[in-house]
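K.L.:
Take a look at data_31.txt, compact mmCIF, C-alpha atoms and all ligand atoms:
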# COMPACT_ATOMS: atom_id res chain seq x y z
CA MET A 12 0.00 0.00 0.00
CA ARG A 13 1.22 3.50 -0.83
CA LYS A 14 1.25 5.92 2.17
CA ILE A 15 -0.42 9.14 1.00
CA ILE A 16 -1.07 12.69 2.23
CA ILE A 17 -3.53 14.84 0.26
CA ASP A 18 -3.17 18.61 0.70
CA THR A 19 -6.27 20.34 -0.60
CA ASP A 20 -8.33 23.54 -0.74
CA THR A 21 -11.38 21.32 -1.11
CA ALA A 22 -13.83 22.64 -3.68
CA THR A 23 -15.58 20.89 -6.56
CA ASP A 24 -12.67 19.32 -8.45
CA ASP A 25 -10.68 18.65 -5.26
CA ALA A 26 -13.66 16.68 -3.92
CA ILE A 27 -13.70 14.46 -7.01
CA ALA A 28 -9.93 13.92 -6.73
CA ILE A 29 -10.36 12.95 -3.07
CA ILE A 30 -13.06 10.43 -4.02
CA MET A 31 -10.65 8.92 -6.58
CA ALA A 32 -7.98 8.58 -3.89
CA LEU A 33 -10.30 7.15 -1.23
CA LYS A 34 -11.66 4.57 -3.65
CA ASN A 35 -8.18 3.45 -4.73
CA ASN A 36 -7.28 0.20 -2.93
CA ASP A 37 -3.57 0.82 -3.32
CA PHE A 38 -3.70 4.02 -1.21
CA ASP A 39 -3.27 4.10 2.58
CA ILE A 40 -4.29 7.72 3.14
CA LYS A 41 -2.54 8.83 6.33
CA ALA A 42 -3.98 12.37 6.33
CA ILE A 43 -5.94 14.94 4.42
CA THR A 44 -4.58 18.41 5.16
CA THR A 45 -6.55 21.49 4.24
CA ILE A 46 -5.41 24.87 2.97
CA ALA A 47 -7.27 28.09 2.18
CA GLY A 48 -7.58 28.70 -1.54
CA ASN A 49 -10.75 28.03 -3.52
CA VAL A 50 -12.61 28.79 -0.31
CA ASP A 51 -11.57 29.77 3.21
CA LEU A 52 -9.94 27.20 5.48
CA ASP A 53 -13.04 26.23 7.46
CA LEU A 54 -15.06 25.56 4.31
CA ALA A 55 -12.21 23.61 2.68
CA THR A 56 -12.03 21.52 5.86
CA ASN A 57 -15.82 21.06 5.98
CA ASN A 58 -15.84 19.94 2.34
CA ALA A 59 -12.97 17.49 2.87
CA LEU A 60 -14.74 15.95 5.88
CA TYR A 61 -18.02 15.67 3.96
CA THR A 62 -16.31 14.06 0.95
CA CYS A 63 -14.75 11.40 3.19
CA GLU A 64 -18.14 10.69 4.76
CA ILE A 65 -19.93 10.13 1.45
CA CYS A 66 -17.12 7.69 0.60
CA GLU A 67 -17.83 6.00 3.95
CA LYS A 68 -14.17 6.40 4.90
CA LYS A 69 -12.83 7.78 8.19
CA ILE A 70 -9.71 9.69 7.20
CA PRO A 71 -8.14 12.16 9.67
CA VAL A 72 -8.42 15.72 8.39
CA TYR A 73 -6.03 18.40 9.70
CA LYS A 74 -6.41 22.14 9.25
CA GLY A 75 -3.45 24.02 7.77
CA GLU A 76 -2.92 27.66 6.89
CA SER A 77 -5.80 30.13 6.63
CA GLY A 78 -4.07 32.18 3.96
CA PRO A 79 -0.96 32.64 1.81
CA LEU A 80 2.50 33.22 3.32
CA TYR A 81 2.62 36.96 2.72
CA ARG A 82 -0.59 37.87 0.91
CA LYS A 83 -4.29 38.26 1.59
CA LEU A 84 -6.39 35.26 0.62
CA GLU A 85 -8.29 35.60 -2.66
CA THR A 86 -10.72 32.72 -3.25
CA SER A 87 -12.36 31.34 -6.39
CA LYS A 88 -15.92 31.26 -5.02
CA PHE A 89 -17.01 32.98 -8.24
CA PHE A 90 -16.47 29.59 -9.88
CA HIS A 91 -16.88 26.94 -7.18
CA GLY A 92 -19.76 28.70 -5.37
CA LYS A 93 -20.05 30.21 -1.89
CA ASP A 94 -19.80 26.78 -0.24
CA GLY A 95 -17.09 25.59 -2.65
CA LEU A 96 -19.28 22.67 -3.76
CA GLY A 97 -21.39 24.43 -6.36
CA ASP A 98 -23.96 25.74 -3.84
CA THR A 99 -26.02 22.56 -4.33
CA GLY A 100 -25.78 21.58 -0.66
CA PRO A 101 -26.04 21.90 2.24
CA TYR A 102 -23.09 19.54 2.71
CA ILE A 103 -22.71 19.26 6.47
CA PRO A 104 -20.22 16.69 7.81
CA LYS A 105 -20.87 14.78 11.04
CA ASN A 106 -17.16 14.55 11.91
CA SER A 107 -14.73 17.33 12.85
CA ALA A 108 -11.12 18.01 12.01
CA GLU A 109 -8.35 16.67 14.26
CA LYS A 110 -6.93 19.04 16.86
CA GLU A 111 -3.34 18.85 15.56
CA ASN A 112 -2.17 21.41 13.02
CA ALA A 113 -1.57 20.15 9.48
CA ILE A 114 2.03 21.39 9.26
CA ASP A 115 3.06 19.52 12.43
CA LYS A 116 1.19 16.41 11.28
CA ILE A 117 2.85 16.32 7.87
CA ILE A 118 6.29 16.68 9.50
CA GLN A 119 5.47 13.96 12.05
CA LEU A 120 4.20 11.51 9.40
CA ILE A 121 7.29 12.02 7.21
CA ASN A 122 9.66 11.53 10.16
CA GLN A 123 7.75 8.42 11.30
CA ASN A 124 7.72 6.98 7.73
CA PRO A 125 11.01 8.09 6.13
CA ASN A 126 11.04 7.63 2.31
CA GLU A 127 7.52 6.12 2.32
CA ILE A 128 5.18 9.11 2.25
CA GLU A 129 3.87 10.44 -1.09
CA ILE A 130 2.20 13.86 -1.01
CA ILE A 131 -0.21 15.25 -3.60
CA ALA A 132 -0.82 19.00 -3.33
CA ILE A 133 -3.95 20.12 -5.18
CA GLY A 134 -4.27 23.63 -3.76
CA PRO A 135 -2.02 26.61 -3.05
CA LEU A 136 1.36 25.38 -1.74
CA THR A 137 1.33 27.33 1.53
CA ASN A 138 1.21 24.26 3.81
CA ILE A 139 3.99 22.48 1.93
CA ALA A 140 6.19 25.60 2.00
CA LYS A 141 5.58 25.96 5.76
CA VAL A 142 6.59 22.31 6.27
CA PHE A 143 9.86 22.89 4.40
CA ILE A 144 10.52 26.13 6.30
CA GLN A 145 9.74 24.56 9.70
CA ASP A 146 11.79 21.36 9.18
CA SER A 147 13.93 21.34 6.02
CA SER A 148 15.25 17.86 6.96
CA VAL A 149 11.96 16.29 5.79
CA ILE A 150 12.62 17.34 2.17
CA ASN A 151 15.00 14.39 1.70
CA LYS A 152 12.65 11.93 3.41
CA ILE A 153 9.63 12.33 1.12
CA LYS A 154 9.10 9.46 -1.34
CA GLY A 155 7.17 11.54 -3.89
CA LEU A 156 5.58 14.97 -4.35
CA TYR A 157 2.88 15.51 -6.98
CA ILE A 158 1.62 19.04 -7.56
CA MET A 159 -1.34 20.37 -9.50
CA GLY A 160 -0.34 23.90 -10.43
CA GLY A 161 1.15 26.29 -12.91
CA ILE A 162 0.36 27.06 -16.54
CA GLY A 163 3.02 24.73 -17.94
CA GLU A 164 3.38 25.59 -21.65
CA GLY A 165 -0.06 27.17 -21.88
CA LYS A 166 -2.03 30.17 -20.63
CA GLY A 167 -3.44 30.97 -17.18
CA ASN A 168 -6.94 30.46 -15.79
CA ILE A 169 -7.11 33.17 -13.13
CA THR A 170 -5.14 35.72 -15.17
CA GLU A 171 -3.75 35.16 -18.65
CA HIS A 172 -0.33 34.68 -17.03
CA ALA A 173 -1.07 32.44 -14.04
CA GLU A 174 -2.87 29.35 -12.82
CA PHE A 175 -4.95 29.75 -9.64
CA ASN A 176 -2.93 27.68 -7.11
CA PHE A 177 0.34 29.45 -7.98
CA TRP A 178 -1.41 32.85 -8.23
CA VAL A 179 -2.95 32.61 -4.74
CA ASP A 180 0.44 32.01 -3.11
CA PRO A 181 3.33 32.60 -5.53
CA ASP A 182 5.87 32.83 -2.69
CA ALA A 183 4.96 29.36 -1.42
CA ALA A 184 5.03 27.94 -4.95
CA ASP A 185 8.49 29.39 -5.59
CA ILE A 186 9.84 28.00 -2.29
CA VAL A 187 8.48 24.50 -2.92
CA LEU A 188 9.51 24.31 -6.59
CA ASN A 189 13.06 25.35 -5.63
CA SER A 190 13.43 23.10 -2.58
CA ASN A 191 15.63 20.62 -4.42
CA ILE A 192 13.09 17.80 -4.25
CA GLU A 193 11.89 15.87 -7.29
CA ILE A 194 8.40 17.09 -8.14
CA LYS A 195 5.90 15.72 -10.65
CA MET A 196 3.83 18.68 -11.79
CA ILE A 197 0.51 18.52 -13.62
CA ALA A 198 -0.22 22.01 -14.92
CA TRP A 199 -3.22 23.76 -16.41
CA ASP A 200 -2.06 23.22 -20.02
CA THR A 201 -2.37 19.42 -19.81
CA THR A 202 -5.63 19.77 -17.86
CA GLN A 203 -7.23 21.48 -20.84
CA ILE A 204 -5.96 18.85 -23.29
CA TYR A 205 -6.46 15.62 -21.32
CA GLY A 206 -8.49 16.44 -18.20
CA TYR A 207 -11.78 17.84 -19.44
CA LEU A 208 -15.32 16.38 -19.28
CA ASP A 209 -17.61 17.01 -22.24
CA LYS A 210 -21.31 16.23 -22.78
CA ASP A 211 -20.64 12.55 -23.59
CA ASN A 212 -18.39 12.13 -20.55
CA PHE A 213 -21.09 13.61 -18.30
CA LYS A 214 -23.64 11.22 -19.86
CA ASP A 215 -21.38 8.23 -19.07
CA ILE A 216 -21.06 9.43 -15.46
CA GLU A 217 -24.83 9.99 -15.17
CA GLU A 218 -25.37 6.38 -16.25
CA ILE A 219 -23.32 5.12 -13.28
CA ARG A 220 -26.33 6.12 -11.12
CA THR A 221 -24.68 6.02 -7.69
CA LEU A 222 -24.58 8.52 -4.83
CA LEU A 223 -21.00 9.42 -5.74
CA SER A 224 -21.70 9.86 -9.46
CA LYS A 225 -24.73 12.05 -8.68
CA PHE A 226 -22.70 14.10 -6.13
CA SER A 227 -19.83 14.58 -8.62
CA ILE A 228 -22.28 15.91 -11.23
CA ASP A 229 -24.32 18.06 -8.85
CA ILE A 230 -21.31 19.94 -7.51
CA GLN A 231 -20.12 20.76 -11.03
CA ARG A 232 -23.40 22.29 -12.26
CA ARG A 233 -22.30 25.81 -11.39
CA GLY A 234 -18.91 25.35 -13.06
CA LEU A 235 -20.61 24.03 -16.18
CA GLU A 236 -22.84 27.11 -16.32
CA TYR A 237 -19.71 29.27 -16.02
CA TYR A 238 -18.06 27.46 -18.96
CA LYS A 239 -21.25 27.74 -21.05
CA ILE A 240 -21.41 31.50 -20.50
CA LYS A 241 -17.68 32.24 -20.72
CA TYR A 242 -16.55 29.72 -23.36
CA LYS A 243 -19.91 28.77 -24.98
CA GLU A 244 -18.95 25.14 -24.38
CA HIS A 245 -20.62 22.27 -22.51
CA LYS A 246 -17.41 21.13 -20.82
CA ILE A 247 -15.34 21.57 -17.68
CA ASP A 248 -11.64 21.12 -16.96
CA LEU A 249 -10.87 18.90 -13.96
CA ALA A 250 -7.34 19.79 -12.85
CA ASP A 251 -7.16 17.99 -9.50
CA PRO A 252 -8.78 14.75 -10.72
CA LEU A 253 -6.29 14.65 -13.62
CA ALA A 254 -3.38 15.08 -11.21
CA MET A 255 -4.84 12.35 -8.97
CA ALA A 256 -5.25 10.02 -11.96
CA VAL A 257 -1.56 10.48 -12.79
CA MET A 258 -0.58 9.73 -9.19
CA ILE A 259 -2.78 6.61 -9.14
CA ASN A 260 -1.54 5.27 -12.47
CA GLU A 261 1.26 7.02 -14.33
CA SER A 262 1.10 4.79 -17.42
CA GLY A 263 0.80 6.95 -20.49
CA THR A 264 2.23 10.00 -18.76
CA GLU A 265 5.29 11.64 -20.29
CA TYR A 266 7.36 14.29 -18.55
CA LYS A 267 9.82 17.03 -19.50
CA LYS A 268 12.51 17.89 -16.92
CA CYS A 269 12.88 21.55 -15.97
CA ASN A 270 13.57 24.14 -13.33
CA ILE A 271 10.85 26.64 -12.46
CA ARG A 272 10.84 30.06 -10.83
CA VAL A 273 7.53 31.75 -9.97
CA VAL A 274 6.89 35.46 -10.54
CA LEU A 275 6.06 36.88 -7.10
CA LYS A 276 4.35 40.17 -7.91
CA GLY A 277 3.03 42.47 -10.59
CA GLU A 278 0.91 41.69 -13.61
CA GLU A 279 2.56 38.26 -14.08
CA ARG A 280 2.19 37.28 -10.40
CA GLY A 281 2.06 33.47 -10.09
CA LYS A 282 3.46 32.77 -13.53
CA ASP A 283 5.74 29.72 -13.69
CA ILE A 284 8.88 30.58 -15.64
CA ILE A 285 10.09 27.26 -17.06
CA ARG A 286 13.69 26.45 -18.05
CA PHE A 287 13.88 22.97 -19.59
CA SER A 288 16.96 21.04 -18.45
CA GLU A 289 17.83 17.36 -17.99
CA LYS A 290 19.23 18.42 -14.60
CA GLY A 291 15.93 20.01 -13.51
CA ASN A 292 14.16 18.81 -10.33
CA ILE A 293 10.69 19.27 -11.81
CA LYS A 294 9.12 16.64 -14.05
CA LEU A 295 6.46 18.61 -15.91
CA ALA A 296 3.77 16.36 -17.39
CA SER A 297 3.67 16.97 -21.14
CA LYS A 298 1.46 14.04 -22.20
CA ILE A 299 -1.20 12.28 -20.08
CA SER A 300 -3.41 9.34 -20.99
CA ARG A 301 -6.95 10.70 -21.31
CA SER A 302 -8.38 7.17 -21.27
CA ASN A 303 -6.53 6.45 -18.01
CA PHE A 304 -7.98 9.67 -16.53
CA LEU A 305 -11.56 8.86 -17.61
CA ASN A 306 -11.38 5.18 -16.62
CA THR A 307 -9.88 5.96 -13.20
CA LEU A 308 -12.49 8.67 -12.59
CA LYS A 309 -15.47 6.52 -13.62
CA LYS A 310 -14.20 3.49 -11.68
CA SER A 311 -14.07 5.62 -8.52
CA LEU A 312 -17.72 6.69 -8.80
CA VAL A 313 -19.36 3.25 -8.86
O1 LIG B 401 -6.16 26.00 -11.37
C1 LIG B 401 -6.75 24.79 -10.96
C2 LIG B 401 -6.66 24.65 -9.48
O2 LIG B 401 -7.38 25.70 -8.86
C3 LIG B 401 -7.34 23.38 -8.95
O3 LIG B 401 -6.65 22.96 -7.79
C4 LIG B 401 -8.76 23.80 -8.67
O4 LIG B 401 -9.17 23.37 -7.37
C5 LIG B 401 -8.75 25.31 -8.81
O5 LIG B 401 -9.37 25.95 -7.82
CA CA B 402 -7.74 22.53 -5.69
Hey, can you dump this file as structure tokens for me?
Ligand code: RIB
Ligand code: CA
P.N.:
Amino acid sequence: MRKIIIDTDTATDDAIAIIMALKNNDFDIKAITTIAGNVDLDLATNNALYTCEICEKKIPVYKGESGPLYRKLETSKFFHGKDGLGDTGPYIPKNSAEKENAIDKIIQLINQNPNEIEIIAIGPLTNIAKVFIQDSSVINKIKGLYIMGGIGEGKGNITEHAEFNFWVDPDAADIVLNSNIEIKMIAWDTTQIYGYLDKDNFKDIEEIRTLLSKFSIDIQRRGLEYYKIKYKEHKIDLADPLAMAVMINESGTEYKKCNIRVVLKGEERGKDIIRFSEKGNIKLASKISRSNFLNTLKKSLV
């Protein structure tokens, strides 16, 4: 079993990625840690707890940072809704978060399981940066770090220059990406090519007819409306589920090695500046199997 930590700003696509992880028999999820991003910290935590409950799994959830390292929090409620789950709730969990802080818990788990813990970060990188700042010795004891973030070789989704997770906390992203740890990064460019759901994909999911398939469609209704108005398309890009599908099964994924700096302020705030190099510590996904993504997603909703 793979020992996993999921760090998330739980909103609609995060919730689907969490379902994929919880339904994967090869994952021993040691902790879900929450970070402010799509929504504020309490809502992200609430949504993570609720998602675990509808999967009938008891996973410890730990609260992390309530905002970026040096900036004010700016959420994406305009897309994910006031509750972060498409405002189709109420989604009220029975359980509560653990008392321990997420940063301390991540450090403890890594030190207790040296070279066995794999982390997937599907929100702003504030918690991960704080872990590295608080105890830099853990950097060399992490088995794997997967990140959903950045524009890769494409354009941004929150500004034309930047992807949301890196835009919310560019300082944290720059610290983590330059912490001399191997990172597998799934960026917004590959999300738009391999990680979207169109009308036919939604129909396939509707035909699964389970609580989880219905939940995963309900929470995306608002996002779909947004795409219809903004892009005149019946589709939605699922960044976090694509990243989770790569972590679950990397077959069909190709990477390009690079180093990345993140622009910290100004009009290009959050932009990942990529320098391709065989010596780079970042493996940027350049090709991802769309069939693997769709099959892994659908299998998790039955
Ligand atoms: O840019 C995509 C990222 O921000 C994903 O993590 C998604 O949750 C969005 O809010
Ligand atoms: Ca997210």
K.L.:
Counting all atoms listed in the file, what residues are within 6 Å of ligand CA 402 (chain B), given as a PyMOL selection string?
P.N.:
chain A and resi 19-21+25+133-134+251
K.L.:
Enumerate as a PyMOL selection string the residues within 9 Å of ligand LIG 401 (chain B), counting only C-alpha atoms and all ligand atoms.
P.N.:
chain A and resi 19-26+48-50+86-88+90-91+132-135+159-162+167-169+173-178+198-199+202+248-252
K.L.:
Which centre and edge lengths in Å to one decimal define the box along x, y and z that fits every listed atom of range 123-137 of chain A plus 5 Å per side, as AutoDock Vina command-line options?
P.N.:
--center_x 3.4 --center_y 16.7 --center_z 3.1 --size_x 25.3 --size_y 31.2 --size_z 26.5
K.L.:
Would you kindly return, as a list in words, each protein, DNA or RNA residue with an atom no farther than 9 Å from any atom of Tyr102 in chain A, considering only C-alpha atoms and excluding same-chain residues fewer than 4 positions away?
P.N.:
Asn57, Asn58, Tyr61, Thr62, Asp94 and Leu96 of chain A
K.L.:
Select, from A:Ile103, A:Ile284, A:Ile65, A:Val142, the residue with the minimum atom-to-atom distance to His172 in chain A, counting all atoms listed in the file.
P.N.:
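Between A:Ile103, A:Ile284, A:Ile65, A:Val142, the residue approaching His172 in chain A most closely is A:Ile284.
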K.L.:
To one decimal place, how far is CA of Leu312 in chain A from CA of Ser224 in chain A in Å?
P.N.:
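Value for the CA of Leu312 in chain A-CA of Ser224 in chain A distance: 5.1 Å.
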K.L.:
Taking into account only C-alpha atoms, which residue in the set A:Gly95, A:Gly281, A:Gly291, A:Gly263 is nearest to Asn189 in chain A?
P.N.:
A:Gly291
K.L.:
List every protein, DNA or RNA residue that has at least one atom no more than 7 Å from (4.5, 33.4, -7.5) in the file's coordinates, counting all atoms listed in the file, and write the result as a PyMOL selection string.
P.N.:
chain A and resi 177-178+180-182+184-185+273-276+280-282
K.L.:
Compare A:Val187, A:Ile43, A:Leu305, A:Ile247 by their minimum atom-to-atom distance to Gln203 in chain A, counting only C-alpha atoms, and give me the closest one.
P.N.:
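Smallest distance to Gln203 in chain A is found for A:Ile247.
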K.L.:
Which residue, A:Leu188, A:Ser302, A:Thr44, A:Gly165, has the smallest gap to Ser262 in chain A when you use all atoms listed in the file?
P.N.:
A:Ser302
K.L.:
Let me make sure I understand: among A:Asn292, A:Thr170, A:Thr99, A:Gln119, which one has the smallest atom-to-atom distance to Gln145 in chain A if we use all atoms listed in the file?
P.N.:
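Going through A:Asn292, A:Thr170, A:Thr99, A:Gln119 one by one, the smallest distance to Gln145 in chain A is for A:Gln119.
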K.L.:
Of the residues A:Leu156, A:Ile30, A:Glu171, A:Ala47, which is the one nearest to Ile15 in chain A, using all atoms listed in the file?
P.N.:
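Of A:Leu156, A:Ile30, A:Glu171, A:Ala47, the one nearest Ile15 in chain A is A:Leu156, counting all atoms listed in the file.
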K.L.:
Just to confirm, what's the straight-line distance from CA of Asp215 in chain A to CA of Ser297 in chain A in Å (one decimal)?
P.N.:
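A separation of 26.6 Å between them.
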K.L.:
Just want the 8 Å neighbourhood of Leu33 in chain A, counted on all atoms listed in the file, with same-chain residues fewer than 5 positions away dropped. Output as a PyMOL selection string.
P.N.:
chain A and resi 38+40+63+66+68
K.L.:
To one decimal place in Å, what is the distance between CA of Lys141 in chain A and CA of Ala256 in chain A?
P.N.:
26.2 Å
K.L.:
Name the residues in contact with Ser300 in chain A at a cut-off of 12 Å, using only C-alpha atoms, excluding same-chain residues fewer than 6 positions from it; report them as a PyMOL selection string.
P.N.:
chain A and resi 201-202+204-206+253-254+256-257+260-265+306-307
K.L.:
Which residues are near Lys110 in chain A? Cut-off 12 Å, all atoms listed in the file, ignore same chain within fewer than 5 positions. Put them as an MDAnalysis selection string.
P.N.:
chainID A and resid 44 71:75 115:116
K.L.:
Since the input is missing atoms for range 87-105 of chain A, could you rebuild it with N, CA, C and O atoms and give the result as a PDB file, keeping the file's coordinate frame?
P.N.:
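The result, stored in rebuild16.pdb:
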ATOM      1  N   SER A  87     -11.753  31.492  -5.051  1.00  0.00           N
ATOM      2  CA  SER A  87     -12.360  31.340  -6.390  1.00  0.00           C
ATOM      3  C   SER A  87     -13.826  30.929  -6.233  1.00  0.00           C
ATOM      4  O   SER A  87     -14.340  30.064  -6.958  1.00  0.00           O
ATOM      5  N   LYS A  88     -14.494  31.578  -5.254  1.00  0.00           N
ATOM      6  CA  LYS A  88     -15.920  31.260  -5.020  1.00  0.00           C
ATOM      7  C   LYS A  88     -16.769  31.647  -6.224  1.00  0.00           C
ATOM      8  O   LYS A  88     -17.849  31.109  -6.426  1.00  0.00           O
ATOM      9  N   PHE A  89     -16.241  32.570  -7.038  1.00  0.00           N
ATOM     10  CA  PHE A  89     -17.010  32.980  -8.240  1.00  0.00           C
ATOM     11  C   PHE A  89     -17.245  31.770  -9.143  1.00  0.00           C
ATOM     12  O   PHE A  89     -18.195  31.694  -9.899  1.00  0.00           O
ATOM     13  N   PHE A  90     -16.339  30.781  -9.017  1.00  0.00           N
ATOM     14  CA  PHE A  90     -16.470  29.590  -9.880  1.00  0.00           C
ATOM     15  C   PHE A  90     -17.048  28.401  -9.085  1.00  0.00           C
ATOM     16  O   PHE A  90     -18.006  27.768  -9.523  1.00  0.00           O
ATOM     17  N   HIS A  91     -16.483  28.151  -7.924  1.00  0.00           N
ATOM     18  CA  HIS A  91     -16.880  26.940  -7.180  1.00  0.00           C
ATOM     19  C   HIS A  91     -18.112  27.155  -6.305  1.00  0.00           C
ATOM     20  O   HIS A  91     -18.613  26.205  -5.706  1.00  0.00           O
ATOM     21  N   GLY A  92     -18.579  28.418  -6.203  1.00  0.00           N
ATOM     22  CA  GLY A  92     -19.760  28.700  -5.370  1.00  0.00           C
ATOM     23  C   GLY A  92     -19.366  29.108  -3.961  1.00  0.00           C
ATOM     24  O   GLY A  92     -18.240  28.856  -3.520  1.00  0.00           O
ATOM     25  N   LYS A  93     -20.335  29.692  -3.246  1.00  0.00           N
ATOM     26  CA  LYS A  93     -20.050  30.210  -1.890  1.00  0.00           C
ATOM     27  C   LYS A  93     -19.603  29.095  -0.962  1.00  0.00           C
ATOM     28  O   LYS A  93     -18.731  29.264  -0.118  1.00  0.00           O
ATOM     29  N   ASP A  94     -20.182  27.900  -1.129  1.00  0.00           N
ATOM     30  CA  ASP A  94     -19.800  26.780  -0.240  1.00  0.00           C
ATOM     31  C   ASP A  94     -18.649  25.952  -0.831  1.00  0.00           C
ATOM     32  O   ASP A  94     -18.189  24.983  -0.235  1.00  0.00           O
ATOM     33  N   GLY A  95     -18.212  26.315  -2.020  1.00  0.00           N
ATOM     34  CA  GLY A  95     -17.090  25.590  -2.650  1.00  0.00           C
ATOM     35  C   GLY A  95     -17.518  24.317  -3.353  1.00  0.00           C
ATOM     36  O   GLY A  95     -16.743  23.701  -4.085  1.00  0.00           O
ATOM     37  N   LEU A  96     -18.772  23.902  -3.121  1.00  0.00           N
ATOM     38  CA  LEU A  96     -19.280  22.670  -3.760  1.00  0.00           C
ATOM     39  C   LEU A  96     -20.487  22.989  -4.626  1.00  0.00           C
ATOM     40  O   LEU A  96     -21.492  22.278  -4.623  1.00  0.00           O
ATOM     41  N   GLY A  97     -20.374  24.105  -5.355  1.00  0.00           N
ATOM     42  CA  GLY A  97     -21.390  24.430  -6.360  1.00  0.00           C
ATOM     43  C   GLY A  97     -22.711  24.923  -5.791  1.00  0.00           C
ATOM     44  O   GLY A  97     -23.706  25.004  -6.502  1.00  0.00           O
ATOM     45  N   ASP A  98     -22.737  25.221  -4.492  1.00  0.00           N
ATOM     46  CA  ASP A  98     -23.960  25.740  -3.840  1.00  0.00           C
ATOM     47  C   ASP A  98     -25.149  24.824  -4.094  1.00  0.00           C
ATOM     48  O   ASP A  98     -26.278  25.274  -4.315  1.00  0.00           O
ATOM     49  N   THR A  99     -24.892  23.503  -4.132  1.00  0.00           N
ATOM     50  CA  THR A  99     -26.020  22.560  -4.330  1.00  0.00           C
ATOM     51  C   THR A  99     -26.251  21.782  -3.043  1.00  0.00           C
ATOM     52  O   THR A  99     -26.884  20.734  -3.048  1.00  0.00           O
ATOM     53  N   GLY A 100     -25.683  22.291  -1.948  1.00  0.00           N
ATOM     54  CA  GLY A 100     -25.780  21.580  -0.660  1.00  0.00           C
ATOM     55  C   GLY A 100     -27.130  21.794  -0.003  1.00  0.00           C
ATOM     56  O   GLY A 100     -28.125  21.954  -0.690  1.00  0.00           O
ATOM     57  N   PRO A 101     -27.226  21.779   1.353  1.00  0.00           N
ATOM     58  CA  PRO A 101     -26.040  21.900   2.240  1.00  0.00           C
ATOM     59  C   PRO A 101     -25.288  20.573   2.396  1.00  0.00           C
ATOM     60  O   PRO A 101     -25.906  19.522   2.365  1.00  0.00           O
ATOM     61  N   TYR A 102     -23.978  20.693   2.514  1.00  0.00           N
ATOM     62  CA  TYR A 102     -23.090  19.540   2.710  1.00  0.00           C
ATOM     63  C   TYR A 102     -22.461  19.688   4.096  1.00  0.00           C
ATOM     64  O   TYR A 102     -21.461  20.354   4.282  1.00  0.00           O
ATOM     65  N   ILE A 103     -23.150  19.072   5.076  1.00  0.00           N
ATOM     66  CA  ILE A 103     -22.710  19.260   6.470  1.00  0.00           C
ATOM     67  C   ILE A 103     -22.144  17.959   7.032  1.00  0.00           C
ATOM     68  O   ILE A 103     -22.872  16.963   7.187  1.00  0.00           O
ATOM     69  N   PRO A 104     -20.843  17.921   7.304  1.00  0.00           N
ATOM     70  CA  PRO A 104     -20.220  16.690   7.810  1.00  0.00           C
ATOM     71  C   PRO A 104     -20.611  16.421   9.259  1.00  0.00           C
ATOM     72  O   PRO A 104     -20.928  17.355   9.998  1.00  0.00           O
ATOM     73  N   LYS A 105     -20.598  15.143   9.642  1.00  0.00           N
ATOM     74  CA  LYS A 105     -20.870  14.780  11.040  1.00  0.00           C
ATOM     75  C   LYS A 105     -19.568  14.888  11.860  1.00  0.00           C
ATOM     76  O   LYS A 105     -19.559  15.255  13.010  1.00  0.00           O
TER      77      LYS A 105
END
